[in-house]
Amino acid sequence: MKKILYAAVVSLLLGLSACETTQEITVNRNGGGVVKSTVDMSSAIGMIKQFAPQDSLSGKLKVDTSLQLASIADSITTLKGEERELVRKGNWSINVNGDTEKFVSVMEYPFQKTEQINIINNALMEMIQTKMVDQMSKSGAPLPPGMGEKPKPGEQSSIDDYYEFKISNGKIEKKLKKDKYAKVGDDQALMGLKNASGMGASVKFNYIINLPSPAKKLEGKAAKLSDDKKKVTIAVTSDDFFDDASKFEYKIEY
């Protein structure tokens, strides 16, 4: 447990400016399904080695483990009832090897209705940050300025928060919340991401949607359809979000 939390906190603090994320959603005919979120932070290993003293990293850059998120969710008092129950069903694995410079985190969880996806994502961010700050503080490992306090509920933010995602009657749509996006300049978390992107540390985002039946229609600037028409892929970057947020949008009919 300690090793997986240590690896995860470093990923959150450093990896987000040098990573590739893939969110794969498999939709069942009843509207439920499974989400698999993979974050590849292998390119951040070099940054991690520079950031922390070598003696504090001894044995901590080799992790290969997985756990049920229920073991963490129950200890986070700020999670609401629905958030806790949804998160408890997930699995989390991390594979880190400093020698081969591999750093991959995978979270997988089921959902019964699509509106639960954003709820789970926000709850996961709050849960991970809270536990990781606790673990880092107890271990005496270095924390960058501003990371010594636990996050307050609702403080976490992500690009996906700026989009409405819904599935209904054979349609899947991701649409920009234009009113919210108009105030993105006030979002300190995303402004940090923008600054990192401006310095050449753009984050890659891959979205994959596995459909229960072939697509009849697909709209989206960056959306591509597989030959069997049952898989939609969107490949974008953090630069795209700030330059043309509509590239993250898509509409699928199947």
# chains A, B, ... in the order shown; residues from 1 in each chain; ligands from 1

$ residues_around --residues "A:Val39" --least-positions-apart "5" --cutoff "8 Å" --atoms "only C-alpha atoms" --output "ChimeraX atom specification"
/A:19-22,104-106

$ residues_around --residues "stretch 176-186 of chain A" --least-positions-apart "5" --cutoff "9 Å" --atoms "only C-alpha atoms" --output "MDAnalysis selection string"
chainID A and resid 161:164 191 245:246 248:249

$ residues_around --residues "stretch 60-69 of chain A" --least-positions-apart "4" --cutoff "7 Å" --atoms "only C-alpha atoms" --output "MDAnalysis selection string"
chainID A and resid 3:4 73 87:98

$ write_last_selection --atoms "C-alpha atoms" --output "PDB file, in the first residue's frame"
ATOM      1  CA  LYS A   3       4.637   1.854  -2.290  1.00  0.00           C
ATOM      2  CA  ILE A   4       1.625   2.292  -4.543  1.00  0.00           C
ATOM      3  CA  ALA A  73     -12.307   4.820  -0.203  1.00  0.00           C
ATOM      4  CA  VAL A  87     -15.332   4.164  -6.122  1.00  0.00           C
ATOM      5  CA  ARG A  88     -15.335   1.042  -3.940  1.00  0.00           C
ATOM      6  CA  LYS A  89     -16.071  -1.078  -7.024  1.00  0.00           C
ATOM      7  CA  GLY A  90     -12.878  -0.053  -8.808  1.00  0.00           C
ATOM      8  CA  ASN A  91      -9.437  -1.620  -9.172  1.00  0.00           C
ATOM      9  CA  TRP A  92      -6.116   0.225  -9.317  1.00  0.00           C
ATOM     10  CA  SER A  93      -2.731  -1.051 -10.442  1.00  0.00           C
ATOM     11  CA  ILE A  94       0.633   0.645 -10.795  1.00  0.00           C
ATOM     12  CA  ASN A  95       3.766  -0.669 -12.480  1.00  0.00           C
ATOM     13  CA  VAL A  96       6.928   1.337 -11.883  1.00  0.00           C
ATOM     14  CA  ASN A  97      10.512   0.403 -12.720  1.00  0.00           C
ATOM     15  CA  GLY A  98      13.138   3.100 -12.459  1.00  0.00           C
TER      16      GLY A  98
END

$ residues_around --residues "stretch 229-244 of chain A" --least-positions-apart "5" --cutoff "7 Å" --atoms "only C-alpha atoms" --output "PyMOL selection string"
chain A and resi 197+202-211+213-215+222-224

$ atom_distance --atom1 "atom CA of A:Pro110" --atom2 "atom CA of A:Leu190"
27.2 Å

$ closest_residue --among "A:Ile172, A:Lys216, A:Arg29, A:Arg84" --to "A:Ile72" --atoms "only C-alpha atoms"
A:Arg84

$ atom_distance --atom1 "atom CA of A:Asp228" --atom2 "atom CA of A:Thr26"
15.3 Å

$ select_by_dssp --residues "stretch 69-243 of chain A" --states "alpha helix (DSSP H)" --output "number ranges by chain"
A: 70-73, 81-87, 116-139, 178-181, 188-198, 238-243

$ closest_residue --among "A:Leu79, A:Ala189, A:Leu86, A:Leu218" --to "A:Met127" --atoms "only C-alpha atoms"
A:Leu79

$ atom_distance --atom1 "atom CA of A:Phe103" --atom2 "atom CA of A:Thr38"
10.6 Å

$ closest_residue --among "A:Ser71, A:Ala196, A:Gln23, A:Ser42" --to "A:Asn121" --atoms "only C-alpha atoms"
A:Gln23
